[in-house]
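S.K.: Coordinates in target_1.cif, mmCIF, C-alpha atoms, are listed below.
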data_protein
#
loop_
_atom_site.group_PDB
_atom_site.id
_atom_site.type_symbol
_atom_site.label_atom_id
_atom_site.label_comp_id
_atom_site.auth_asym_id
_atom_site.auth_seq_id
_atom_site.Cartn_x
_atom_site.Cartn_y
_atom_site.Cartn_z
ATOM 1 C CA MET A 1 -15.274 -17.779 -16.823
ATOM 2 C CA LYS A 2 -11.745 -19.109 -17.055
ATOM 3 C CA GLN A 3 -10.324 -19.868 -13.620
ATOM 4 C CA ARG A 4 -6.800 -19.334 -12.334
ATOM 5 C CA THR A 5 -4.963 -21.158 -9.567
ATOM 6 C CA LEU A 6 -4.152 -18.960 -6.567
ATOM 7 C CA GLY A 7 -0.406 -19.479 -6.217
ATOM 8 C CA ARG A 8 0.354 -22.986 -4.949
ATOM 9 C CA THR A 9 -2.841 -23.264 -2.881
ATOM 10 C CA GLY A 10 -4.815 -25.279 -5.412
ATOM 11 C CA ILE A 11 -7.690 -22.831 -4.894
ATOM 12 C CA GLN A 12 -9.351 -21.849 -8.169
ATOM 13 C CA VAL A 13 -10.370 -18.202 -8.585
ATOM 14 C CA PRO A 14 -11.659 -15.960 -11.387
ATOM 15 C CA PRO A 15 -9.256 -13.351 -12.865
ATOM 16 C CA LEU A 16 -10.828 -10.583 -10.758
ATOM 17 C CA THR A 17 -11.200 -10.355 -6.973
ATOM 18 C CA PHE A 18 -14.032 -8.300 -5.481
ATOM 19 C CA GLY A 19 -13.019 -5.897 -2.725
ATOM 20 C CA GLY A 20 -15.481 -5.982 0.158
ATOM 21 C CA ASN A 21 -14.426 -2.666 1.699
ATOM 22 C CA VAL A 22 -17.598 -1.064 0.273
ATOM 23 C CA PHE A 23 -19.931 -3.303 2.295
ATOM 24 C CA GLY A 24 -21.134 -1.334 5.326
ATOM 25 C CA TRP A 25 -19.335 1.799 4.154
ATOM 26 C CA THR A 26 -20.660 3.174 0.850
ATOM 27 C CA LEU A 27 -23.257 0.386 0.579
ATOM 28 C CA ASP A 28 -25.852 -0.559 3.183
ATOM 29 C CA GLN A 29 -26.818 -4.183 3.748
ATOM 30 C CA ASN A 30 -29.571 -4.345 1.124
ATOM 31 C CA ALA A 31 -27.386 -2.799 -1.581
ATOM 32 C CA SER A 32 -24.515 -5.075 -0.543
ATOM 33 C CA PHE A 33 -26.750 -8.143 -0.888
ATOM 34 C CA SER A 34 -27.643 -7.054 -4.447
ATOM 35 C CA ILE A 35 -23.957 -6.746 -5.347
ATOM 36 C CA LEU A 36 -23.121 -10.104 -3.747
ATOM 37 C CA ASP A 37 -25.921 -11.810 -5.698
ATOM 38 C CA ALA A 38 -24.728 -10.158 -8.910
ATOM 39 C CA LEU A 39 -21.126 -11.234 -8.306
ATOM 40 C CA LEU A 40 -22.160 -14.877 -8.582
ATOM 41 C CA ASP A 41 -24.238 -14.063 -11.684
ATOM 42 C CA HIS A 42 -20.999 -12.733 -13.222
ATOM 43 C CA GLN A 43 -19.043 -15.784 -11.945
ATOM 44 C CA LEU A 44 -16.917 -13.500 -9.773
ATOM 45 C CA ASN A 45 -16.873 -15.622 -6.635
ATOM 46 C CA PHE A 46 -13.615 -14.446 -5.010
ATOM 47 C CA ILE A 47 -14.367 -11.912 -2.252
ATOM 48 C CA ASP A 48 -11.671 -10.133 -0.259
ATOM 49 C CA THR A 49 -12.490 -8.299 2.960
ATOM 50 C CA ALA A 50 -10.803 -7.472 6.293
ATOM 51 C CA ASP A 51 -11.772 -7.262 9.939
ATOM 52 C CA VAL A 52 -11.036 -3.522 9.939
ATOM 53 C CA TYR A 53 -13.511 -2.696 7.117
ATOM 54 C CA SER A 54 -14.892 -0.098 7.628
ATOM 55 C CA HIS A 55 -13.487 1.160 10.917
ATOM 56 C CA TRP A 56 -12.753 4.584 9.379
ATOM 57 C CA ALA A 57 -16.367 5.482 8.578
ATOM 58 C CA PRO A 58 -18.246 7.701 11.049
ATOM 59 C CA GLY A 59 -20.163 5.561 13.522
ATOM 60 C CA ASN A 60 -18.419 2.332 12.496
ATOM 61 C CA HIS A 61 -16.159 0.199 14.668
ATOM 62 C CA GLY A 62 -14.758 -2.327 12.167
ATOM 63 C CA GLY A 63 -16.296 -5.663 11.270
ATOM 64 C CA GLU A 64 -19.147 -4.126 9.265
ATOM 65 C CA SER A 65 -18.098 -5.703 5.961
ATOM 66 C CA GLU A 66 -17.610 -9.160 7.470
ATOM 67 C CA THR A 67 -20.964 -8.905 9.244
ATOM 68 C CA ILE A 68 -22.821 -8.096 6.026
ATOM 69 C CA ILE A 69 -21.068 -10.887 4.139
ATOM 70 C CA GLY A 70 -21.924 -13.269 6.981
ATOM 71 C CA ASN A 71 -25.577 -12.263 6.912
ATOM 72 C CA TRP A 72 -25.633 -12.812 3.136
ATOM 73 C CA LEU A 73 -23.977 -16.210 3.490
ATOM 74 C CA LYS A 74 -26.576 -17.249 6.061
ATOM 75 C CA LYS A 75 -29.462 -16.006 3.928
ATOM 76 C CA SER A 76 -28.178 -17.379 0.593
ATOM 77 C CA GLY A 77 -26.601 -20.613 1.811
ATOM 78 C CA LYS A 78 -23.843 -20.114 -0.773
ATOM 79 C CA ARG A 79 -20.707 -20.411 1.401
ATOM 80 C CA GLU A 80 -19.309 -23.260 -0.709
ATOM 81 C CA GLN A 81 -19.770 -21.258 -3.897
ATOM 82 C CA ILE A 82 -17.401 -18.476 -2.903
ATOM 83 C CA VAL A 83 -13.712 -18.142 -2.135
ATOM 84 C CA LEU A 84 -13.542 -15.992 0.970
ATOM 85 C CA ALA A 85 -10.509 -13.969 2.025
ATOM 86 C CA THR A 86 -10.116 -11.713 5.056
ATOM 87 C CA LYS A 87 -7.276 -10.028 6.943
ATOM 88 C CA VAL A 88 -5.911 -9.313 10.403
ATOM 89 C CA GLY A 89 -3.479 -6.785 11.835
ATOM 90 C CA LYS A 90 -4.800 -3.251 11.272
ATOM 91 C CA PRO A 91 -5.818 -1.323 14.396
ATOM 92 C CA MET A 92 -9.277 -2.350 15.638
ATOM 93 C CA GLY A 93 -9.254 -0.643 19.016
ATOM 94 C CA GLU A 94 -7.253 -0.844 22.229
ATOM 95 C CA GLY A 95 -5.028 -3.941 22.233
ATOM 96 C CA LYS A 96 -6.504 -5.100 18.938
ATOM 97 C CA VAL A 97 -3.657 -4.681 16.463
ATOM 98 C CA GLY A 98 -0.669 -6.559 15.082
ATOM 99 C CA LEU A 99 0.185 -10.205 14.541
ATOM 100 C CA SER A 100 0.901 -11.612 17.989
ATOM 101 C CA PRO A 101 -0.249 -15.212 18.545
ATOM 102 C CA ARG A 102 -2.774 -14.073 21.160
ATOM 103 C CA TYR A 103 -4.321 -11.444 18.918
ATOM 104 C CA ILE A 104 -4.409 -13.565 15.756
ATOM 105 C CA ARG A 105 -6.391 -16.214 17.642
ATOM 106 C CA GLU A 106 -8.760 -13.618 19.034
ATOM 107 C CA ALA A 107 -9.183 -11.988 15.629
ATOM 108 C CA ILE A 108 -9.819 -15.144 13.591
ATOM 109 C CA ASP A 109 -12.553 -16.258 15.972
ATOM 110 C CA ALA A 110 -14.164 -12.809 15.802
ATOM 111 C CA SER A 111 -13.978 -12.825 11.988
ATOM 112 C CA LEU A 112 -15.462 -16.327 11.738
ATOM 113 C CA THR A 113 -18.308 -15.298 14.038
ATOM 114 C CA ARG A 114 -19.096 -12.222 11.935
ATOM 115 C CA LEU A 115 -18.774 -14.176 8.680
ATOM 116 C CA GLN A 116 -20.981 -16.976 10.073
ATOM 117 C CA THR A 117 -18.643 -19.664 8.759
ATOM 118 C CA ASP A 118 -16.181 -22.074 10.331
ATOM 119 C CA TYR A 119 -13.301 -21.365 7.936
ATOM 120 C CA VAL A 120 -11.848 -18.780 5.568
ATOM 121 C CA ASP A 121 -10.121 -19.759 2.353
ATOM 122 C CA LEU A 122 -7.394 -17.113 2.655
ATOM 123 C CA TYR A 123 -6.289 -15.349 5.856
ATOM 124 C CA GLN A 124 -3.905 -12.457 5.317
ATOM 125 C CA SER A 125 -1.572 -10.353 7.424
ATOM 126 C CA HIS A 126 -2.929 -6.874 6.658
ATOM 127 C CA ASP A 127 0.310 -5.197 7.742
ATOM 128 C CA ASP A 128 3.802 -6.296 8.663
ATOM 129 C CA ASP A 129 4.192 -6.410 12.471
ATOM 130 C CA GLN A 130 7.872 -5.878 13.185
ATOM 131 C CA ASP A 131 7.305 -6.107 16.948
ATOM 132 C CA THR A 132 6.344 -9.791 16.752
ATOM 133 C CA PRO A 133 8.883 -12.399 15.600
ATOM 134 C CA LEU A 134 7.913 -13.786 12.196
ATOM 135 C CA ALA A 135 8.254 -17.337 13.535
ATOM 136 C CA GLU A 136 5.585 -16.684 16.205
ATOM 137 C CA THR A 137 3.127 -15.245 13.694
ATOM 138 C CA LEU A 138 3.700 -18.032 11.174
ATOM 139 C CA ALA A 139 3.479 -20.781 13.803
ATOM 140 C CA THR A 140 0.068 -19.429 14.812
ATOM 141 C CA PHE A 141 -1.130 -19.356 11.215
ATOM 142 C CA ASP A 142 0.239 -22.883 10.771
ATOM 143 C CA ALA A 143 -1.844 -24.068 13.740
ATOM 144 C CA LEU A 144 -4.991 -22.400 12.377
ATOM 145 C CA ILE A 145 -4.525 -24.249 9.086
ATOM 146 C CA LYS A 146 -4.135 -27.552 10.926
ATOM 147 C CA GLU A 147 -7.278 -26.772 12.943
ATOM 148 C CA GLY A 148 -9.232 -26.196 9.724
ATOM 149 C CA LYS A 149 -10.067 -22.552 10.412
ATOM 150 C CA VAL A 150 -7.902 -21.325 7.519
ATOM 151 C CA ARG A 151 -7.033 -22.939 4.178
ATOM 152 C CA ALA A 152 -4.094 -20.715 3.181
ATOM 153 C CA ILE A 153 -2.323 -17.558 4.356
ATOM 154 C CA GLY A 154 -1.135 -14.424 2.576
ATOM 155 C CA ALA A 155 0.646 -11.122 3.158
ATOM 156 C CA SER A 156 -0.331 -7.542 2.397
ATOM 157 C CA ASN A 157 1.764 -4.387 2.703
ATOM 158 C CA TYR A 158 5.062 -6.223 3.226
ATOM 159 C CA SER A 159 8.351 -4.996 1.775
ATOM 160 C CA ALA A 160 10.177 -7.345 -0.570
ATOM 161 C CA ALA A 161 12.862 -7.942 2.044
ATOM 162 C CA ARG A 162 10.411 -8.794 4.833
ATOM 163 C CA LEU A 163 8.319 -11.003 2.565
ATOM 164 C CA ALA A 164 11.437 -12.926 1.526
ATOM 165 C CA GLU A 165 12.467 -13.212 5.195
ATOM 166 C CA ALA A 166 9.042 -14.581 6.152
ATOM 167 C CA LEU A 167 9.244 -17.191 3.403
ATOM 168 C CA GLU A 168 12.704 -18.201 4.607
ATOM 169 C CA VAL A 169 11.453 -18.597 8.200
ATOM 170 C CA SER A 170 8.607 -20.842 7.020
ATOM 171 C CA GLU A 171 11.025 -22.967 5.012
ATOM 172 C CA ALA A 172 13.572 -23.254 7.829
ATOM 173 C CA GLN A 173 11.033 -24.105 10.531
ATOM 174 C CA GLY A 174 8.641 -26.235 8.497
ATOM 175 C CA LEU A 175 5.744 -23.821 8.955
ATOM 176 C CA ALA A 176 2.922 -22.811 6.622
ATOM 177 C CA ARG A 177 4.108 -20.019 4.348
ATOM 178 C CA TYR A 178 2.533 -16.979 2.784
ATOM 179 C CA GLU A 179 1.058 -18.236 -0.485
ATOM 180 C CA THR A 180 -0.307 -14.898 -1.690
ATOM 181 C CA LEU A 181 0.690 -11.259 -1.829
ATOM 182 C CA GLN A 182 -1.641 -8.253 -1.796
ATOM 183 C CA PRO A 183 0.332 -5.177 -2.909
ATOM 184 C CA GLU A 184 -0.740 -1.790 -4.230
ATOM 185 C CA TYR A 185 -0.478 -2.139 -7.988
ATOM 186 C CA ASN A 186 -2.010 -0.469 -11.022
ATOM 187 C CA LEU A 187 -1.078 1.130 -14.330
ATOM 188 C CA TYR A 188 0.035 4.325 -12.570
ATOM 189 C CA ASP A 189 1.479 2.912 -9.322
ATOM 190 C CA ARG A 190 3.875 0.362 -10.804
ATOM 191 C CA GLU A 191 7.279 1.001 -9.334
ATOM 192 C CA GLY A 192 6.791 -0.302 -5.790
ATOM 193 C CA TYR A 193 5.579 -3.713 -6.935
ATOM 194 C CA GLU A 194 7.743 -4.135 -10.020
ATOM 195 C CA ASN A 195 11.008 -3.239 -8.268
ATOM 196 C CA GLY A 196 11.348 -6.032 -5.739
ATOM 197 C CA LEU A 197 8.031 -7.535 -4.700
ATOM 198 C CA GLU A 198 7.260 -8.978 -8.120
ATOM 199 C CA GLN A 199 10.549 -10.864 -8.190
ATOM 200 C CA VAL A 200 9.896 -12.408 -4.752
ATOM 201 C CA ALA A 201 6.361 -13.363 -5.792
ATOM 202 C CA GLN A 202 7.462 -15.024 -9.013
ATOM 203 C CA ALA A 203 10.452 -16.811 -7.497
ATOM 204 C CA ASN A 204 8.178 -18.327 -4.836
ATOM 205 C CA GLN A 205 5.076 -18.917 -6.997
ATOM 206 C CA LEU A 206 2.877 -16.625 -4.933
ATOM 207 C CA GLY A 207 -0.613 -15.677 -6.049
ATOM 208 C CA VAL A 208 -0.870 -11.881 -6.439
ATOM 209 C CA ILE A 209 -4.116 -10.000 -5.777
ATOM 210 C CA GLY A 210 -3.223 -6.310 -5.946
ATOM 211 C CA TYR A 211 -5.340 -3.513 -4.486
ATOM 212 C CA TYR A 212 -6.116 0.001 -5.803
ATOM 213 C CA SER A 213 -6.318 -1.612 -9.238
ATOM 214 C CA LEU A 214 -7.956 1.504 -10.700
ATOM 215 C CA ALA A 215 -5.913 4.024 -8.668
ATOM 216 C CA SER A 216 -8.937 5.125 -6.616
ATOM 217 C CA GLY A 217 -10.970 5.541 -9.802
ATOM 218 C CA PHE A 218 -8.470 7.612 -11.770
ATOM 219 C CA LEU A 219 -7.869 4.833 -14.311
ATOM 220 C CA SER A 220 -11.587 4.644 -15.069
ATOM 221 C CA GLY A 221 -11.244 8.041 -16.768
ATOM 222 C CA LYS A 222 -13.560 9.673 -14.245
ATOM 223 C CA TYR A 223 -11.107 12.395 -13.290
ATOM 224 C CA ARG A 224 -9.692 14.386 -16.215
ATOM 225 C CA ARG A 225 -9.741 18.018 -15.018
ATOM 226 C CA PRO A 226 -9.180 19.683 -11.646
ATOM 227 C CA GLU A 227 -12.922 20.413 -11.501
ATOM 228 C CA ASP A 228 -13.607 16.667 -11.474
ATOM 229 C CA ALA A 229 -12.374 16.525 -7.869
ATOM 230 C CA GLY A 230 -15.952 17.181 -6.808
ATOM 231 C CA LYS A 231 -17.183 13.913 -8.309
ATOM 232 C CA SER A 232 -16.528 11.918 -5.152
ATOM 233 C CA ALA A 233 -15.376 12.165 -1.551
ATOM 234 C CA ARG A 234 -11.904 11.016 -2.550
ATOM 235 C CA GLY A 235 -11.784 13.096 -5.742
ATOM 236 C CA GLU A 236 -9.549 15.826 -4.356
ATOM 237 C CA GLY A 237 -6.867 13.324 -3.389
ATOM 238 C CA VAL A 238 -7.139 11.531 -6.735
ATOM 239 C CA VAL A 239 -6.708 14.737 -8.721
ATOM 240 C CA LYS A 240 -3.764 15.802 -6.550
ATOM 241 C CA SER A 241 -2.008 12.427 -6.878
ATOM 242 C CA TYR A 242 -2.644 11.467 -10.483
ATOM 243 C CA LEU A 243 -3.687 14.428 -12.633
ATOM 244 C CA ASN A 244 -0.267 15.353 -13.965
ATOM 245 C CA GLU A 245 1.671 14.948 -17.211
ATOM 246 C CA ARG A 246 2.210 11.217 -16.735
ATOM 247 C CA GLY A 247 -1.397 10.731 -15.700
ATOM 248 C CA HIS A 248 -2.646 12.450 -18.843
ATOM 249 C CA LYS A 249 -0.381 10.256 -20.977
ATOM 250 C CA ILE A 250 -1.825 7.152 -19.359
ATOM 251 C CA LEU A 251 -5.420 8.347 -19.879
ATOM 252 C CA LYS A 252 -4.696 9.057 -23.547
ATOM 253 C CA ALA A 253 -3.317 5.543 -24.079
ATOM 254 C CA LEU A 254 -6.264 4.019 -22.195
ATOM 255 C CA ASP A 255 -8.705 5.962 -24.369
ATOM 256 C CA GLN A 256 -7.033 4.764 -27.564
ATOM 257 C CA VAL A 257 -7.019 1.096 -26.546
ATOM 258 C CA ALA A 258 -10.569 1.360 -25.181
ATOM 259 C CA GLU A 259 -11.815 2.860 -28.440
ATOM 260 C CA LYS A 260 -10.103 0.126 -30.451
ATOM 261 C CA HIS A 261 -11.838 -2.628 -28.447
ATOM 262 C CA ARG A 262 -15.061 -0.646 -27.852
ATOM 263 C CA VAL A 263 -14.794 -1.026 -24.098
ATOM 264 C CA SER A 264 -14.301 1.321 -21.135
ATOM 265 C CA PRO A 265 -10.925 2.628 -19.903
ATOM 266 C CA ALA A 266 -11.580 0.776 -16.620
ATOM 267 C CA GLN A 267 -11.823 -2.532 -18.484
ATOM 268 C CA VAL A 268 -8.553 -1.816 -20.292
ATOM 269 C CA SER A 269 -6.804 -0.910 -17.009
ATOM 270 C CA LEU A 270 -7.905 -4.181 -15.431
ATOM 271 C CA ALA A 271 -7.136 -6.248 -18.536
ATOM 272 C CA TRP A 272 -3.581 -4.852 -18.466
ATOM 273 C CA LEU A 273 -3.214 -6.141 -14.895
ATOM 274 C CA ILE A 274 -4.782 -9.512 -15.706
ATOM 275 C CA ALA A 275 -2.361 -9.925 -18.612
ATOM 276 C CA ARG A 276 0.731 -9.473 -16.412
ATOM 277 C CA PRO A 277 2.195 -12.963 -15.835
ATOM 278 C CA SER A 278 2.828 -12.417 -12.115
ATOM 279 C CA VAL A 279 -0.713 -11.210 -11.346
ATOM 280 C CA THR A 280 -3.492 -13.664 -10.465
ATOM 281 C CA ALA A 281 -6.601 -11.566 -9.846
ATOM 282 C CA PRO A 282 -6.567 -7.795 -9.238
ATOM 283 C CA ILE A 283 -9.032 -6.459 -6.678
ATOM 284 C CA VAL A 284 -11.900 -4.228 -7.823
ATOM 285 C CA SER A 285 -14.921 -2.754 -6.081
ATOM 286 C CA ALA A 286 -18.259 -1.518 -7.378
ATOM 287 C CA THR A 287 -21.121 0.342 -5.760
ATOM 288 C CA SER A 288 -23.749 -0.235 -8.465
ATOM 289 C CA LEU A 289 -24.853 -3.124 -10.651
ATOM 290 C CA ALA A 290 -23.978 -1.162 -13.800
ATOM 291 C CA GLN A 291 -20.478 -0.494 -12.482
ATOM 292 C CA LEU A 292 -20.056 -4.163 -11.608
ATOM 293 C CA LYS A 293 -21.169 -5.268 -15.077
ATOM 294 C CA ASP A 294 -18.610 -2.940 -16.668
ATOM 295 C CA LEU A 295 -15.758 -4.159 -14.456
ATOM 296 C CA ALA A 296 -16.695 -7.806 -15.024
ATOM 297 C CA GLY A 297 -16.202 -7.228 -18.749
ATOM 298 C CA ALA A 298 -12.462 -6.904 -18.134
ATOM 299 C CA ALA A 299 -12.264 -10.652 -17.511
ATOM 300 C CA ALA A 300 -13.287 -11.291 -21.127
ATOM 301 C CA LEU A 301 -11.031 -8.630 -22.668
ATOM 302 C CA THR A 302 -7.781 -9.826 -24.240
ATOM 303 C CA LEU A 303 -5.228 -7.130 -25.035
ATOM 304 C CA ASP A 304 -2.733 -7.775 -27.825
ATOM 305 C CA ALA A 305 1.010 -7.145 -27.588
ATOM 306 C CA GLY A 306 0.633 -3.728 -29.207
ATOM 307 C CA ASP A 307 -1.966 -2.654 -26.659
ATOM 308 C CA ILE A 308 0.222 -3.707 -23.756
ATOM 309 C CA GLN A 309 3.269 -2.029 -25.239
ATOM 310 C CA ALA A 310 1.359 1.248 -25.679
ATOM 311 C CA LEU A 311 0.159 1.140 -22.089
ATOM 312 C CA ASP A 312 3.602 0.180 -20.788
ATOM 313 C CA GLN A 313 5.199 3.113 -22.617
ATOM 314 C CA ALA A 314 2.606 5.635 -21.522
ATOM 315 C CA SER A 315 2.972 4.579 -17.876
ATOM 316 C CA ALA A 316 6.772 4.228 -17.874
ATOM 317 C CA TYR A 317 8.377 5.563 -14.685
#
Could you quickly redo this structure as structure tokens?
M.R.:
Amino acid sequence: MKQRTLGRTGIQVPPLTFGGNVFGWTLDQNASFSILDALLDHQLNFIDTADVYSHWAPGNHGGESETIIGNWLKKSGKREQIVLATKVGKPMGEGKVGLSPRYIREAIDASLTRLQTDYVDLYQSHDDDQDTPLAETLATFDALIKEGKVRAIGASNYSAARLAEALEVSEAQGLARYETLQPEYNLYDREGYENGLEQVAQANQLGVIGYYSLASGFLSGKYRRPEDAGKSARGEGVVKSYLNERGHKILKALDQVAEKHRVSPAQVSLAWLIARPSVTAPIVSATSLAQLKDLAGAAALTLDAGDIQALDQASAY
């Protein structure tokens, strides 16, 4: 598999990132281990998780995904074969939220313990914390890099203005800077990233690993009629958000390109993201080996200029 460089970090990654939110949520430990083994078989060794995954699930408290990944790392002995990313900042319980120096230090140690490793390749701010000065947050990250606990840092869910401000603070104070950006971005949800964030990312050579790459499954073609809402727990929200005139236009274009290349609409959706010059490795998740095999095929799919133009036009906003 052809590798890409993650921004200016020097870290080599495949053109797809695997989202670890499913571990400990829709997949138990045994099923998660099977997916993790298969990821390496497919040469997809970039895994993105977060301390908060999956705090929202009944009976969970957060840390479930990291714990499963840590158990797999211990069992497999394959820590050096993967690029491991996690995040800090989302609410994890009383006093456990944000990007204060105290909490970042507490959170990284907790994540490393769960992951059963002494470093993470990429540590990301999961949310912007406007109550903590950027300089304090960045100085703490800078120290963690110097201590060897973190190789590089990134930002998720930042506005273009705040991301640019954070980069300026790092430059002015000689601190480690955000080297990656994790925004919501897919063929349907384009406007937020393309109108501001993309320009900041490109001007500063950031690696971009967008989430919701398949718009919660809509861009796989799974949801085509209102009745399809019953296909999953999130189906109702997907149908409500995406099943409209523009959504149907996008599905039609995806079907045409997919038929031309004899691949799935999901592969086309991901290949469109991979082909965008500013994007490094979109995040995808799978809950079965068959699903994973299909998604992995996107890394080998090359869309031509006509394909991209058709998809661009169908998804114009």
S.K.: Evaluate the PyMOL selection byres ((chain A and resi 297) around 10) and record the selected residues as a PDB file with C-alpha atoms, in the frame of the given file, following the chain and residue labels used in the document.
M.R.:
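Written output follows (selection10.pdb):
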ATOM      1  CA  HIS A  42     -20.999 -12.733 -13.222  1.00  0.00           C
ATOM      2  CA  VAL A 263     -14.794  -1.026 -24.098  1.00  0.00           C
ATOM      3  CA  SER A 264     -14.301   1.321 -21.135  1.00  0.00           C
ATOM      4  CA  ALA A 266     -11.580   0.776 -16.620  1.00  0.00           C
ATOM      5  CA  GLN A 267     -11.823  -2.532 -18.484  1.00  0.00           C
ATOM      6  CA  VAL A 268      -8.553  -1.816 -20.292  1.00  0.00           C
ATOM      7  CA  LEU A 270      -7.905  -4.181 -15.431  1.00  0.00           C
ATOM      8  CA  ALA A 271      -7.136  -6.248 -18.536  1.00  0.00           C
ATOM      9  CA  LEU A 292     -20.056  -4.163 -11.608  1.00  0.00           C
ATOM     10  CA  LYS A 293     -21.169  -5.268 -15.077  1.00  0.00           C
ATOM     11  CA  ASP A 294     -18.610  -2.940 -16.668  1.00  0.00           C
ATOM     12  CA  LEU A 295     -15.758  -4.159 -14.456  1.00  0.00           C
ATOM     13  CA  ALA A 296     -16.695  -7.806 -15.024  1.00  0.00           C
ATOM     14  CA  ALA A 298     -12.462  -6.904 -18.134  1.00  0.00           C
ATOM     15  CA  ALA A 299     -12.264 -10.652 -17.511  1.00  0.00           C
ATOM     16  CA  ALA A 300     -13.287 -11.291 -21.127  1.00  0.00           C
ATOM     17  CA  LEU A 301     -11.031  -8.630 -22.668  1.00  0.00           C
TER      18      LEU A 301
END
S.K.: Could you check how far atom CA of A:Phe18 sits from atom CA of A:Tyr211, in Å to one decimal?
M.R.: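 About the pair atom CA of A:Phe18 and atom CA of A:Tyr211: they are 10.0 Å apart.
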S.K.: So what does the PyMOL selection byres ((chain A and resi 28) around 12) actually pick up in this one, as a count of residues only?
M.R.: 22
S.K.: Taking all atoms listed in the file into account, which of A:Val257, A:Val279, A:Leu73, A:Ala172 comes nearest A:Gln199?
M.R.: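 That would be A:Val279, the residue with the smallest distance to A:Gln199.
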S.K.: Find, counting only C-alpha atoms, the residue in A:Ile209, A:Leu187, A:Ala215, A:Ile82 that gets nearest to A:Gly19.
M.R.: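 Looking only at the distances to A:Gly19, the closest residue turns out to be A:Ile209.
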S.K.: Residues within 9 Å of A:Ala139, please, as a PyMOL selection string. Count only C-alpha atoms; anything in the same chain fewer than 3 positions from it doesn't count.
M.R.: chain A and resi 101+134-136+142-144+170+173+175-176
S.K.: Ranking A:Ser159, A:Ser220, A:Gln291, A:Asn204 by minimum distance to A:Pro265 and counting all atoms listed in the file, which one comes first?
M.R.: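 Smallest separation from A:Pro265 among the options: A:Ser220.
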S.K.: What box, with edges along x, y and z, holds each listed atom of stretch 37-40 of chain A when 4 Å is added on every side, and can you state its centre and edge lengths in Å to one decimal, as AutoDock Vina command-line options?
M.R.:
--center_x -23.5 --center_y -12.5 --center_z -7.3 --size_x 12.8 --size_y 12.7 --size_z 11.2
S.K.: When you draw a straight line from atom CA of A:Tyr193 to atom CA of A:Leu273, how long is it in Å?
M.R.: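 One can read the atom CA of A:Tyr193 to atom CA of A:Leu273 distance as 12.1 Å.
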S.K.: Given the file shown, determine the residues that the PyMOL selection byres ((chain A and resi 221-237) around 9) selects; report them as a list in words.
M.R.: Ser216, Gly217, Phe218, Leu219, Ser220, Val238, Val239, Lys240, Ser241, Tyr242, Leu243, His248, Leu251, Leu254, Asp255, Ser264, Pro265 and Ala266 of chain A
S.K.: Which residues are near stretch 1-17 of chain A? Cut-off 8 Å, only C-alpha atoms, ignore same chain within fewer than 4 positions. Put them as an mmCIF file with C-alpha atoms, in the frame of the given file.
M.R.:
data_model
loop_
_atom_site.group_PDB
_atom_site.id
_atom_site.type_symbol
_atom_site.label_atom_id
_atom_site.label_comp_id
_atom_site.auth_asym_id
_atom_site.auth_seq_id
_atom_site.Cartn_x
_atom_site.Cartn_y
_atom_site.Cartn_z
ATOM 1 C CA GLN A 43 -19.043 -15.784 -11.945
ATOM 2 C CA LEU A 44 -16.917 -13.500 -9.773
ATOM 3 C CA ASN A 45 -16.873 -15.622 -6.635
ATOM 4 C CA PHE A 46 -13.615 -14.446 -5.010
ATOM 5 C CA ILE A 47 -14.367 -11.912 -2.252
ATOM 6 C CA ASP A 48 -11.671 -10.133 -0.259
ATOM 7 C CA VAL A 83 -13.712 -18.142 -2.135
ATOM 8 C CA ALA A 152 -4.094 -20.715 3.181
ATOM 9 C CA GLU A 179 1.058 -18.236 -0.485
ATOM 10 C CA THR A 180 -0.307 -14.898 -1.690
ATOM 11 C CA GLN A 205 5.076 -18.917 -6.997
ATOM 12 C CA LEU A 206 2.877 -16.625 -4.933
ATOM 13 C CA GLY A 207 -0.613 -15.677 -6.049
ATOM 14 C CA VAL A 208 -0.870 -11.881 -6.439
ATOM 15 C CA ILE A 209 -4.116 -10.000 -5.777
ATOM 16 C CA ILE A 274 -4.782 -9.512 -15.706
ATOM 17 C CA THR A 280 -3.492 -13.664 -10.465
ATOM 18 C CA ALA A 281 -6.601 -11.566 -9.846
ATOM 19 C CA PRO A 282 -6.567 -7.795 -9.238
ATOM 20 C CA ILE A 283 -9.032 -6.459 -6.678
ATOM 21 C CA VAL A 284 -11.900 -4.228 -7.823
ATOM 22 C CA ALA A 296 -16.695 -7.806 -15.024
ATOM 23 C CA ALA A 299 -12.264 -10.652 -17.511
#
S.K.: Just to confirm, what's the straight-line distance from atom CA of A:Ser315 to atom CA of A:Leu214 in Å (one decimal)?
M.R.: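 Going from atom CA of A:Ser315 over to atom CA of A:Leu214 covers 13.4 Å.
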S.K.: Can you tell me, as a PDB file with C-alpha atoms, keeping the file's coordinate frame, what residues are no more than 7 Å from stretch 118-122 of chain A when counting all atoms listed in the file, ignoring any on the same chain fewer than 6 positions away?
M.R.:
ATOM      1  CA  VAL A  83     -13.712 -18.142  -2.135  1.00  0.00           C
ATOM      2  CA  LEU A  84     -13.542 -15.992   0.970  1.00  0.00           C
ATOM      3  CA  ALA A  85     -10.509 -13.969   2.025  1.00  0.00           C
ATOM      4  CA  THR A  86     -10.116 -11.713   5.056  1.00  0.00           C
ATOM      5  CA  LEU A 112     -15.462 -16.327  11.738  1.00  0.00           C
ATOM      6  CA  GLY A 148      -9.232 -26.196   9.724  1.00  0.00           C
ATOM      7  CA  LYS A 149     -10.067 -22.552  10.412  1.00  0.00           C
ATOM      8  CA  VAL A 150      -7.902 -21.325   7.519  1.00  0.00           C
ATOM      9  CA  ARG A 151      -7.033 -22.939   4.178  1.00  0.00           C
ATOM     10  CA  ALA A 152      -4.094 -20.715   3.181  1.00  0.00           C
ATOM     11  CA  ILE A 153      -2.323 -17.558   4.356  1.00  0.00           C
ATOM     12  CA  GLY A 154      -1.135 -14.424   2.576  1.00  0.00           C
TER      13      GLY A 154
END
